[in-house]
Amino acid sequence: MTELAQRLKDKYFGRDHPYQIFEREVESYLRREHVLLDAGCGRTAPILAGYKGKACRLIGVDLVDFTPATEGLELYKCDLAAIPIEDGSVDVMMARSVMEHVTDPARVYGESYRVLKPGGHFIFLTANFWDYASIIASMIPNRFHPWIVSKTEGREEHDVFPIAYRTNTRSAVGKWAKQAGFEIVSFRYLGQYPSYFMFNGFLFLLATGYEKLISKVPALNFLQGWIFVTLRKP
């Protein structure tokens with residue numbers, strides 16, 4: 001991040017990052033006697049590990065190899081469309097920056113519904129397809145994404161996965177949730193600092209103006225970078 005971009009970020013984006021809002025939302029539904037499942041937990045399951053002591057069973061699933069194994073976590077290498085746990089065994093299921101990679105939403109929503117207990121919640125934060133970064137990303141072949149993200153965000157290339165955007169609009173969430181049997185508890189748009197322009201102060205300034213505009217004008221909220229969803233199994 002350039003010095004100018006850092007100053008602008010500190011000045012205009014002091015509010016909580018969507019990741020923090022997401023984690024607090026999950027915790028608000030969680031009880032010590034609950035089972036929590038992290039869908040797409042990552043190699044070290046860092047978010048899941050943060051809920052130690054706040055749930056009686058912590059389950060993480062992902063397609064990657066887990067390194068290293070973390071005590072107190074139950075980790076499975078598997079697809080989200082085929083989770084190897086029993087029916088109706090999870091109280092809260094969470095997914096952060098994962099649903100944009102789902103290629104078969106019907107199966108993933110259906111599997112999420114299967115593993116949740118009646119009254120259980122599926123909470124996810126994912127990229128909004130109508131965000132400019134998502135639109136641009138959808139035009140660029142997936143094979144180029146790891147290199148681009150490593151240069152703009154500094155993320156390791158092996159941690160960048162193909163995007164699909166099959167359930168990244170309000171209408172798509174509504175469609176797949178209804179098909180699976182979920183009730184939509186809440187659907188919100190969230191914004192953040194323009195992370196893809198951290199490498200250039202001038203571009204960061206322009207993007208900051210855009211972010212402020214779409215956050216203040218209700219009719220433009222749908223252009224914000226994230227969609228934040230809470231679903232309930234009746």
# chains A, B, ... in the order shown; residues from 1 in each chain; ligands from 1
call {"tool": "residues_around", "arguments": {"residues": "Val185 of chain A", "least_positions_apart": "2", "cutoff": "10 Å", "atoms": "only C-alpha atoms", "output": "PyMOL selection string"}}
result
chain A and resi 121-123+182-183+187+229-233
call {"tool": "write_last_selection", "arguments": {"atoms": "C-alpha atoms", "output": "PDB file, in the first residue's frame"}}
result
ATOM      1  CA  HIS A 121     -28.633 -20.645  10.578  1.00  0.00           C
ATOM      2  CA  PHE A 122     -26.376 -20.376   7.525  1.00  0.00           C
ATOM      3  CA  ILE A 123     -24.481 -17.078   7.540  1.00  0.00           C
ATOM      4  CA  PHE A 182     -34.364 -21.769   3.619  1.00  0.00           C
ATOM      5  CA  GLU A 183     -35.959 -18.622   5.004  1.00  0.00           C
ATOM      6  CA  PHE A 187     -29.761  -9.681   3.165  1.00  0.00           C
ATOM      7  CA  VAL A 229     -26.715 -13.063   4.138  1.00  0.00           C
ATOM      8  CA  THR A 230     -28.301 -14.932   7.036  1.00  0.00           C
ATOM      9  CA  LEU A 231     -30.526 -17.894   6.193  1.00  0.00           C
ATOM     10  CA  ARG A 232     -32.601 -20.042   8.561  1.00  0.00           C
ATOM     11  CA  LYS A 233     -33.729 -23.621   8.264  1.00  0.00           C
TER      12      LYS A 233
END
call {"tool": "residues_around", "arguments": {"residues": "Asp38 of chain A", "least_positions_apart": "2", "cutoff": "8 Å", "atoms": "only C-alpha atoms", "output": "CSV table (one decimal) with C-alpha atoms, in the first residue's frame"}}
result
chain,number,residue,atom,x,y,z
A,36,LEU,CA,-20.4,-24.6,14.4
A,40,GLY,CA,-14.3,-23.2,3.2
A,41,CYS,CA,-12.3,-22.8,6.4
A,48,LEU,CA,-13.0,-21.3,13.1
A,58,LEU,CA,-16.0,-26.9,15.7
A,59,ILE,CA,-16.1,-28.4,12.2
A,60,GLY,CA,-14.1,-27.1,9.2
A,61,VAL,CA,-14.4,-28.2,5.6
A,93,MET,CA,-22.9,-22.7,9.5
A,94,MET,CA,-20.7,-19.9,8.2
A,95,ALA,CA,-18.8,-19.1,5.0
call {"tool": "atom_distance", "arguments": {"atom1": "atom CA of Pro218 of chain A", "atom2": "atom CA of Phe197 of chain A"}}
result
24.3 Å
call {"tool": "atom_distance", "arguments": {"atom1": "atom CA of Arg7 of chain A", "atom2": "atom CA of Leu206 of chain A"}}
result
13.9 Å
call {"tool": "closest_residue", "arguments": {"among": "A:Ile227, A:Leu37, A:Ile136, A:Ile21", "to": "Ser171 of chain A", "atoms": "only C-alpha atoms"}}
result
A:Ile227
call {"tool": "atom_distance", "arguments": {"atom1": "atom CA of Pro105 of chain A", "atom2": "atom CA of Leu30 of chain A"}}
result
25.0 Å
call {"tool": "select_by_dssp", "arguments": {"residues": "segment 57-96 of chain A", "states": "strand (DSSP E)", "output": "list in words"}}
result
Arg57, Leu58, Ile59, Gly60, Val61, Asp62, Glu74, Leu75, Tyr76, Lys77, Val90, Asp91, Val92, Met93, Met94, Ala95 and Arg96 of chain A
